[in-house]
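Asks: my_file18.txt (compact mmCIF, C-alpha atoms and all ligand atoms) pasted underneath:
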# COMPACT_ATOMS: atom_id res chain seq x y z
CA MET A 8 0.00 0.00 0.00
CA GLY A 9 1.12 3.60 -0.54
CA LYS A 10 1.71 6.56 1.70
CA VAL A 11 -1.09 8.85 2.88
CA VAL A 12 -0.17 12.14 4.55
CA VAL A 13 -2.94 14.01 6.37
CA VAL A 14 -2.68 17.72 7.13
CA GLY A 15 -5.52 18.48 9.50
CA SER A 16 -7.28 18.63 12.83
CA ILE A 17 -6.91 16.53 15.94
CA ASN A 18 -9.71 16.67 18.53
CA VAL A 19 -11.03 14.82 21.50
CA ASP A 20 -14.74 14.15 21.06
CA MET A 21 -17.07 14.40 24.05
CA VAL A 22 -19.88 12.18 22.87
CA PHE A 23 -23.31 12.31 24.53
CA THR A 24 -26.00 9.86 23.44
CA SER A 25 -29.64 10.60 24.08
CA ASP A 26 -33.06 9.54 22.81
CA ILE A 27 -34.02 13.15 22.29
CA ARG A 28 -32.02 16.07 20.92
CA PRO A 29 -32.45 19.02 23.31
CA LYS A 30 -34.12 22.07 21.84
CA ALA A 31 -32.88 25.59 22.67
CA GLY A 32 -33.50 26.23 26.37
CA GLU A 33 -34.30 22.56 27.12
CA THR A 34 -32.51 20.04 29.37
CA VAL A 35 -32.85 16.33 28.65
CA ILE A 36 -31.48 13.24 30.40
CA GLY A 37 -29.03 11.35 28.21
CA ASN A 38 -28.00 7.69 27.99
CA SER A 39 -24.19 7.68 27.85
CA PHE A 40 -21.05 9.75 27.73
CA SER A 41 -17.70 8.81 26.16
CA LEU A 42 -14.41 10.53 25.42
CA ILE A 43 -13.32 9.36 21.98
CA PRO A 44 -10.39 10.54 19.86
CA GLY A 45 -11.61 12.53 16.86
CA GLY A 46 -10.98 15.48 14.56
CA LYS A 47 -11.56 15.15 10.85
CA GLY A 48 -7.84 15.04 10.07
CA ALA A 49 -6.93 12.47 12.71
CA ASN A 50 -10.01 10.41 11.82
CA GLN A 51 -8.96 10.22 8.18
CA ALA A 52 -5.39 9.30 9.14
CA VAL A 53 -6.74 6.49 11.34
CA ALA A 54 -9.09 5.21 8.64
CA ALA A 55 -6.22 5.02 6.14
CA ALA A 56 -3.89 3.31 8.64
CA LYS A 57 -6.48 0.77 9.76
CA LEU A 58 -7.05 -0.13 6.13
CA GLY A 59 -3.36 -0.84 5.58
CA ALA A 60 -1.88 2.40 4.21
CA GLU A 61 1.26 4.00 5.58
CA SER A 62 -0.31 7.01 7.29
CA VAL A 63 1.34 10.18 8.56
CA MET A 64 -0.46 12.91 10.54
CA ILE A 65 0.62 16.56 10.40
CA GLY A 66 -1.15 18.76 12.95
CA CYS A 67 -1.01 20.40 16.38
CA VAL A 68 -2.23 19.54 19.86
CA GLY A 69 -1.92 21.38 23.17
CA LEU A 70 0.30 20.40 26.06
CA ASP A 71 -2.52 18.64 27.91
CA THR A 72 -4.06 15.26 28.66
CA ASN A 73 -6.37 15.50 25.63
CA GLY A 74 -3.33 15.92 23.40
CA ASP A 75 -1.65 12.88 24.99
CA PHE A 76 -4.86 10.87 24.61
CA ALA A 77 -5.17 11.76 20.91
CA ILE A 78 -1.51 11.01 20.12
CA ASP A 79 -1.51 7.72 22.06
CA ASN A 80 -4.51 6.58 20.10
CA LEU A 81 -2.92 7.51 16.76
CA ASN A 82 0.23 5.61 17.74
CA SER A 83 -1.84 2.59 18.74
CA VAL A 84 -3.14 2.19 15.18
CA ASN A 85 0.24 2.87 13.57
CA VAL A 86 -0.31 6.43 12.43
CA ASP A 87 3.08 8.15 12.29
CA THR A 88 2.82 11.03 14.79
CA HIS A 89 6.29 12.57 14.52
CA CYS A 90 4.91 15.57 12.57
CA ILE A 91 2.43 16.54 15.29
CA ASP A 92 3.63 19.68 17.05
CA ILE A 93 2.75 20.36 20.67
CA VAL A 94 1.82 24.00 21.25
CA HIS A 95 1.97 25.64 24.65
CA ASP A 96 -0.83 27.75 26.16
CA ILE A 97 -3.47 26.62 23.65
CA PRO A 98 -5.57 23.52 24.41
CA THR A 99 -6.08 20.54 22.15
CA GLY A 100 -9.16 20.86 19.94
CA VAL A 101 -12.38 19.46 21.35
CA ALA A 102 -15.75 18.55 19.89
CA ASN A 103 -19.07 18.33 21.67
CA ILE A 104 -21.10 15.68 19.88
CA ILE A 105 -24.74 14.83 20.52
CA VAL A 106 -25.86 11.53 19.04
CA ALA A 107 -29.65 11.42 19.04
CA GLU A 108 -32.54 10.55 16.74
CA ASN A 109 -30.24 8.70 14.29
CA ASP A 110 -28.02 11.68 13.61
CA ASN A 111 -25.36 13.81 15.24
CA SER A 112 -24.78 17.51 15.89
CA ILE A 113 -21.28 18.77 16.56
CA ILE A 114 -19.68 21.90 17.98
CA VAL A 115 -15.91 22.06 17.45
CA VAL A 116 -13.62 24.36 19.41
CA PRO A 117 -10.43 24.25 17.30
CA GLY A 118 -7.84 25.26 19.92
CA ALA A 119 -4.42 24.07 18.77
CA ASN A 120 -5.76 23.13 15.32
CA TYR A 121 -5.68 26.81 14.38
CA GLU A 122 -1.91 26.74 14.95
CA VAL A 123 -1.49 24.56 11.87
CA ASN A 124 -0.11 27.44 9.82
CA LYS A 125 2.03 27.90 6.72
CA SER A 126 5.26 27.46 8.74
CA ILE A 127 4.11 24.00 9.77
CA ILE A 128 3.61 23.18 6.08
CA ASP A 129 7.08 24.53 5.25
CA LYS A 130 8.59 22.59 8.15
CA TYR A 131 7.10 19.30 6.95
CA SER A 132 7.11 19.97 3.20
CA ASP A 133 9.48 17.04 2.53
CA ILE A 134 7.03 14.68 4.21
CA ILE A 135 4.11 16.20 2.29
CA LEU A 136 5.93 15.82 -1.01
CA SER A 137 6.88 12.23 -0.22
CA ALA A 138 3.17 11.28 -0.10
CA ASP A 139 1.32 9.23 -2.68
CA ILE A 140 -1.71 11.25 -1.66
CA VAL A 141 -2.30 14.14 0.76
CA LEU A 142 -5.60 14.64 2.61
CA VAL A 143 -6.86 18.02 3.83
CA GLN A 144 -10.10 19.16 5.46
CA LEU A 145 -11.34 22.55 6.68
CA GLU A 146 -10.84 22.38 10.46
CA ILE A 147 -7.48 24.16 10.22
CA PRO A 148 -6.99 27.73 8.88
CA LEU A 149 -8.21 28.09 5.31
CA GLU A 150 -4.98 29.77 4.17
CA THR A 151 -3.04 26.69 5.31
CA VAL A 152 -5.32 24.48 3.24
CA GLU A 153 -4.87 26.77 0.21
CA TYR A 154 -1.11 26.72 0.69
CA THR A 155 -1.01 22.91 0.97
CA LEU A 156 -3.16 22.49 -2.14
CA GLU A 157 -0.85 24.81 -4.06
CA LEU A 158 2.28 23.00 -2.85
CA CYS A 159 0.88 19.62 -3.85
CA ASN A 160 -0.38 20.80 -7.20
CA LYS A 161 2.96 22.44 -8.12
CA ASN A 162 4.79 19.23 -7.27
CA ASN A 163 2.33 16.80 -8.88
CA VAL A 164 1.34 15.20 -5.60
CA ARG A 165 -2.30 14.08 -5.56
CA VAL A 166 -4.38 15.84 -2.94
CA LEU A 167 -7.87 15.05 -1.69
CA LEU A 168 -9.84 17.95 -0.20
CA ASN A 169 -12.68 17.01 2.13
CA PRO A 170 -14.50 20.36 2.36
CA ALA A 171 -15.86 20.02 5.88
CA PRO A 172 -16.98 22.07 7.68
CA ALA A 173 -17.81 23.71 4.35
CA VAL A 174 -16.97 27.22 3.18
CA GLU A 175 -17.08 28.66 -0.32
CA LEU A 176 -13.92 27.59 -2.18
CA THR A 177 -11.94 29.72 -4.59
CA ARG A 178 -11.53 28.58 -8.19
CA THR A 179 -7.84 27.98 -7.52
CA MET A 180 -8.56 25.69 -4.58
CA ILE A 181 -10.91 23.65 -6.73
CA GLU A 182 -8.37 23.52 -9.56
CA ASN A 183 -5.49 22.55 -7.27
CA ALA A 184 -7.35 19.65 -5.66
CA SER A 185 -7.22 16.24 -7.35
CA TYR A 186 -10.38 15.03 -5.58
CA ILE A 187 -13.06 16.88 -3.58
CA THR A 188 -15.54 14.98 -1.42
CA PRO A 189 -18.51 17.14 -0.34
CA ASN A 190 -21.87 15.88 0.75
CA GLU A 191 -24.94 17.30 -0.96
CA HIS A 192 -25.24 20.22 1.45
CA GLU A 193 -21.51 21.01 1.35
CA LEU A 194 -21.55 21.02 -2.47
CA ASN A 195 -23.83 24.06 -2.49
CA ILE A 196 -21.66 25.86 0.04
CA ILE A 197 -18.32 25.20 -1.66
CA LEU A 198 -19.69 26.36 -5.01
CA GLY A 199 -21.48 29.32 -3.45
CA LYS A 200 -24.84 28.54 -5.04
CA ASP A 201 -27.74 26.09 -5.04
CA SER A 202 -26.52 23.48 -7.46
CA ASN A 203 -27.86 20.66 -9.54
CA ILE A 204 -25.52 17.84 -8.55
CA GLU A 205 -25.33 16.18 -11.95
CA GLU A 206 -24.75 19.44 -13.81
CA GLU A 207 -21.94 20.41 -11.45
CA ILE A 208 -20.10 17.10 -11.27
CA LYS A 209 -20.11 16.92 -15.09
CA LYS A 210 -17.85 19.99 -15.03
CA TYR A 211 -15.30 18.13 -12.89
CA SER A 212 -14.58 14.65 -14.29
CA ASN A 213 -13.25 12.20 -11.72
CA LYS A 214 -12.81 15.07 -9.26
CA ILE A 215 -15.95 16.00 -7.34
CA ILE A 216 -17.26 12.94 -5.54
CA VAL A 217 -20.56 13.72 -3.81
CA THR A 218 -21.54 11.57 -0.86
CA LEU A 219 -25.32 11.27 -0.52
CA GLY A 220 -25.66 9.28 2.71
CA SER A 221 -28.11 6.41 2.30
CA LYS A 222 -28.54 7.36 -1.40
CA GLY A 223 -24.94 6.45 -2.23
CA VAL A 224 -22.15 8.37 -3.95
CA LYS A 225 -22.18 10.21 -7.29
CA TYR A 226 -19.32 11.26 -9.55
CA PHE A 227 -18.73 11.80 -13.27
CA ASN A 228 -16.24 9.43 -14.86
CA GLY A 229 -15.74 11.51 -18.01
CA LYS A 230 -18.44 9.65 -19.93
CA GLU A 231 -21.37 9.30 -17.58
CA VAL A 232 -22.62 10.13 -14.11
CA VAL A 233 -22.04 7.09 -11.91
CA LEU A 234 -24.17 6.36 -8.84
CA ILE A 235 -22.56 3.92 -6.43
CA PRO A 236 -25.27 2.72 -4.06
CA SER A 237 -24.78 2.64 -0.33
CA TYR A 238 -25.16 -0.36 1.98
CA GLU A 239 -28.16 -0.95 4.20
CA VAL A 240 -26.90 -1.23 7.76
CA GLU A 241 -28.23 -0.63 11.24
CA VAL A 242 -27.19 2.90 12.14
CA VAL A 243 -25.63 3.42 15.58
CA ASP A 244 -23.63 6.60 15.00
CA THR A 245 -22.89 8.43 11.74
CA THR A 246 -20.05 10.50 13.28
CA GLY A 247 -16.90 10.07 11.23
CA ALA A 248 -18.58 8.23 8.34
CA GLY A 249 -17.38 10.93 5.95
CA ASP A 250 -13.88 10.68 7.41
CA THR A 251 -13.87 6.90 7.08
CA PHE A 252 -14.95 7.37 3.46
CA CYS A 253 -12.09 9.80 2.74
CA GLY A 254 -9.39 7.77 4.52
CA ALA A 255 -10.54 4.57 2.83
CA LEU A 256 -10.78 6.27 -0.57
CA ALA A 257 -7.23 7.58 -0.22
CA SER A 258 -5.82 4.25 0.93
CA SER A 259 -7.50 2.48 -1.95
CA ILE A 260 -6.34 5.02 -4.56
CA VAL A 261 -2.72 4.72 -3.40
CA GLY A 262 -3.19 0.96 -3.37
CA GLY A 263 -3.57 1.23 -7.15
CA TYR A 264 -7.33 0.78 -7.48
CA SER A 265 -9.40 2.63 -10.07
CA LEU A 266 -11.52 5.51 -8.80
CA ASP A 267 -14.66 3.43 -9.25
CA GLU A 268 -13.24 0.54 -7.20
CA ALA A 269 -11.86 2.93 -4.61
CA ILE A 270 -15.26 4.60 -4.12
CA LYS A 271 -16.95 1.20 -3.72
CA PHE A 272 -14.39 0.22 -1.11
CA ALA A 273 -14.72 3.56 0.73
CA ASN A 274 -18.50 3.22 0.71
CA ARG A 275 -18.22 -0.18 2.35
CA ALA A 276 -15.82 1.13 5.00
CA ALA A 277 -18.13 4.09 5.76
CA ALA A 278 -21.14 1.77 6.07
CA TYR A 279 -19.23 -0.39 8.56
CA SER A 280 -18.26 2.67 10.62
CA ILE A 281 -21.84 3.79 11.24
CA THR A 282 -22.71 0.50 12.90
CA LYS A 283 -20.44 1.47 15.83
CA LEU A 284 -20.27 4.39 18.28
CA GLY A 285 -17.61 7.04 17.76
CA ALA A 286 -15.49 8.24 14.86
CA GLN A 287 -12.14 6.49 15.23
CA SER A 288 -13.53 3.75 17.45
CA GLY A 289 -15.98 2.73 14.72
CA MET A 290 -13.55 2.46 11.83
CA PRO A 291 -12.88 -0.97 10.33
CA THR A 292 -9.57 -2.71 9.79
CA LEU A 293 -8.99 -4.34 6.42
CA LYS A 294 -9.62 -7.73 8.06
CA GLN A 295 -12.94 -6.65 9.60
CA LEU A 296 -14.06 -5.24 6.28
CA THR A 297 -13.14 -8.38 4.39
CA MET A 298 -14.84 -10.63 6.96
CA ASN A 299 -17.89 -8.40 6.96
CA ASN A 300 -18.11 -8.62 3.19
CA GLU A 301 -18.09 -12.42 3.31
CA ASN A 302 -21.10 -12.54 5.67
O1 LIG B 401 -16.18 14.27 11.20
C1 LIG B 401 -16.35 13.95 12.55
C2 LIG B 401 -15.44 14.80 13.38
O2 LIG B 401 -15.84 16.15 13.29
C3 LIG B 401 -15.46 14.49 14.86
O3 LIG B 401 -14.55 13.49 15.22
C4 LIG B 401 -15.21 15.83 15.50
O4 LIG B 401 -14.01 15.91 16.19
C5 LIG B 401 -15.28 16.84 14.37
O5 LIG B 401 -14.04 17.23 13.97
Show how you would write the structure in this file as structure tokens.

Replies:
Amino acid sequence: MGKVVVVGSINVDMVFTSDIRPKAGETVIGNSFSLIPGGKGANQAVAAAKLGAESVMIGCVGLDTNGDFAIDNLNSVNVDTHCIDIVHDIPTGVANIIVAENDNSIIVVPGANYEVNKSIIDKYSDIILSADIVLVQLEIPLETVEYTLELCNKNNVRVLLNPAPAVELTRTMIENASYITPNEHELNIILGKDSNIEEEIKKYSNKIIVTLGSKGVKYFNGKEVVLIPSYEVEVVDTTGAGDTFCGALASSIVGGYSLDEAIKFANRAAAYSITKLGAQSGMPTLKQLTMNNEN
């Protein structure tokens, strides 16, 4: 398998499960609470590593127990953590996640993730350029993402942009990315308009891959719009499904699979992940995915 380098966020997720999602001004009694390593960047690095890729994480944590917890977990699944900087006086990023009524809502406080600046990219540029694919998301400063996309594009390194949480993207960002993986809602935001999915993806062959939840995944292969259906599974927690998809897609692309095969594989990994609680804790290993496919 090839090398995946992730430039992105590292959080600790405080996950509350409840039957009911509280409305504004309301207090409800929940069912469980867990502290689970998260952050879109770290999640994608874990997904790629668990599925057999060499995976390197570039990011920042604070000098605190959350930072230790996040790094220990990355190490435990063989993500290379030597490019994670520890910043003083700024805490590790945290996310408050409510899992209720078959969906999640998340508030992220970025903390140290906003210290992932252009100097960090310069410092680790050799590692970035040694990648078979680079993954970026939008939980670190936007200018760092733009800079990374530009660096990769100039040096012919493939780069996958997962535009979450979504903001409108510049033309250059879209051009510099090799793959972009929005969901339906994020597609409208990144393009800055209400879009017809098929019309838009036809403008970006083999580039914009739209995840549609239970409706599957759509992309344009240069000849036709392809819909790859999703799997029917019992949903426990959808947190991190998009991250599992991106990490699995990257690991499969660098493993030499065609985009079509890679999307099918990523879809299967994402389906597996939503049958378990938590982002990183729900991600499959290659063995689990293979066994699951045989059942
Ligand atoms: O995509 C899921 C992730 O979003 C969570 O792990 C949380 O940390 C937020 O970054």

Asks: Of the candidates A:Ile105, A:Ile235, A:Val164, A:Val116, which shows the shortest atom-to-atom distance to Arg28 in chain A, using only C-alpha atoms?

Replies: A:Ile105

Asks: Edge lengths and centre in Å to one decimal, as AutoDock Vina command-line options, is what I'm after for the box along x, y and z that holds all listed atoms of ligand LIG 401 (chain B) once 4 Å is added on each side.

Replies:
--center_x -15.2 --center_y 15.4 --center_z 13.7 --size_x 10.3 --size_y 11.7 --size_z 13.0

Asks: Write as a count of residues only the residues around ligand LIG 401 (chain B), taking 10 Å as the cut-off and counting all atoms listed in the file.

Replies: 44

Asks: Would you list the residues near (-1.3, 23.1, -11.2), meaning any protein, DNA or RNA residue with an atom at most 10 Å from that point in file coordinates, counting all atoms listed in the file, as JSON, numbers by chain?

Replies: {"A": [156, 157, 158, 159, 160, 161, 162, 163, 179, 182, 183, 184, 185]}

Asks: Excluding range 90-92 of chain A and residues on its chain fewer than 4 positions from it, collect all residues at most 6 Å away from it, counting all atoms listed in the file, and give them as a ChimeraX atom specification.

Replies: /A:65-67

Asks: Tell me, as a PDB file with C-alpha atoms, in the coordinates of the input, which residues lie within 12 Å of Ser258 in chain A, counting only C-alpha atoms; anything in the same chain fewer than 3 positions away does not count.

Replies:
ATOM      1  CA  MET A   8       0.000   0.000   0.000  1.00  0.00           C
ATOM      2  CA  GLY A   9       1.120   3.600  -0.540  1.00  0.00           C
ATOM      3  CA  LYS A  10       1.710   6.560   1.700  1.00  0.00           C
ATOM      4  CA  VAL A  11      -1.090   8.850   2.880  1.00  0.00           C
ATOM      5  CA  VAL A  12      -0.170  12.140   4.550  1.00  0.00           C
ATOM      6  CA  VAL A  13      -2.940  14.010   6.370  1.00  0.00           C
ATOM      7  CA  GLN A  51      -8.960  10.220   8.180  1.00  0.00           C
ATOM      8  CA  ALA A  52      -5.390   9.300   9.140  1.00  0.00           C
ATOM      9  CA  VAL A  53      -6.740   6.490  11.340  1.00  0.00           C
ATOM     10  CA  ALA A  54      -9.090   5.210   8.640  1.00  0.00           C
ATOM     11  CA  ALA A  55      -6.220   5.020   6.140  1.00  0.00           C
ATOM     12  CA  ALA A  56      -3.890   3.310   8.640  1.00  0.00           C
ATOM     13  CA  LYS A  57      -6.480   0.770   9.760  1.00  0.00           C
ATOM     14  CA  LEU A  58      -7.050  -0.130   6.130  1.00  0.00           C
ATOM     15  CA  GLY A  59      -3.360  -0.840   5.580  1.00  0.00           C
ATOM     16  CA  ALA A  60      -1.880   2.400   4.210  1.00  0.00           C
ATOM     17  CA  GLU A  61       1.260   4.000   5.580  1.00  0.00           C
ATOM     18  CA  SER A  62      -0.310   7.010   7.290  1.00  0.00           C
ATOM     19  CA  ALA A 138       3.170  11.280  -0.100  1.00  0.00           C
ATOM     20  CA  ASP A 139       1.320   9.230  -2.680  1.00  0.00           C
ATOM     21  CA  ILE A 140      -1.710  11.250  -1.660  1.00  0.00           C
ATOM     22  CA  VAL A 141      -2.300  14.140   0.760  1.00  0.00           C
ATOM     23  CA  LEU A 142      -5.600  14.640   2.610  1.00  0.00           C
ATOM     24  CA  LEU A 167      -7.870  15.050  -1.690  1.00  0.00           C
ATOM     25  CA  THR A 251     -13.870   6.900   7.080  1.00  0.00           C
ATOM     26  CA  PHE A 252     -14.950   7.370   3.460  1.00  0.00           C
ATOM     27  CA  CYS A 253     -12.090   9.800   2.740  1.00  0.00           C
ATOM     28  CA  GLY A 254      -9.390   7.770   4.520  1.00  0.00           C
ATOM     29  CA  ALA A 255     -10.540   4.570   2.830  1.00  0.00           C
ATOM     30  CA  VAL A 261      -2.720   4.720  -3.400  1.00  0.00           C
ATOM     31  CA  GLY A 262      -3.190   0.960  -3.370  1.00  0.00           C
ATOM     32  CA  GLY A 263      -3.570   1.230  -7.150  1.00  0.00           C
ATOM     33  CA  TYR A 264      -7.330   0.780  -7.480  1.00  0.00           C
ATOM     34  CA  SER A 265      -9.400   2.630 -10.070  1.00  0.00           C
ATOM     35  CA  LEU A 266     -11.520   5.510  -8.800  1.00  0.00           C
ATOM     36  CA  GLU A 268     -13.240   0.540  -7.200  1.00  0.00           C
ATOM     37  CA  ALA A 269     -11.860   2.930  -4.610  1.00  0.00           C
ATOM     38  CA  ILE A 270     -15.260   4.600  -4.120  1.00  0.00           C
ATOM     39  CA  PHE A 272     -14.390   0.220  -1.110  1.00  0.00           C
ATOM     40  CA  ALA A 273     -14.720   3.560   0.730  1.00  0.00           C
ATOM     41  CA  ALA A 276     -15.820   1.130   5.000  1.00  0.00           C
ATOM     42  CA  THR A 292      -9.570  -2.710   9.790  1.00  0.00           C
ATOM     43  CA  LEU A 293      -8.990  -4.340   6.420  1.00  0.00           C
TER      44      LEU A 293
END

Asks: Here's a test: counting all atoms listed in the file, identify every protein, DNA and RNA residue with an atom at most 10 Å from (-10.2, 16.8, -15.7) in the file's coordinate frame, and state them as a list in words.

Replies: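 It turns out the residues near that spot are Glu182, Ser185, Lys209, Lys210, Tyr211, Ser212, Asn213, Lys214, Asn228 and Gly229 of chain A.
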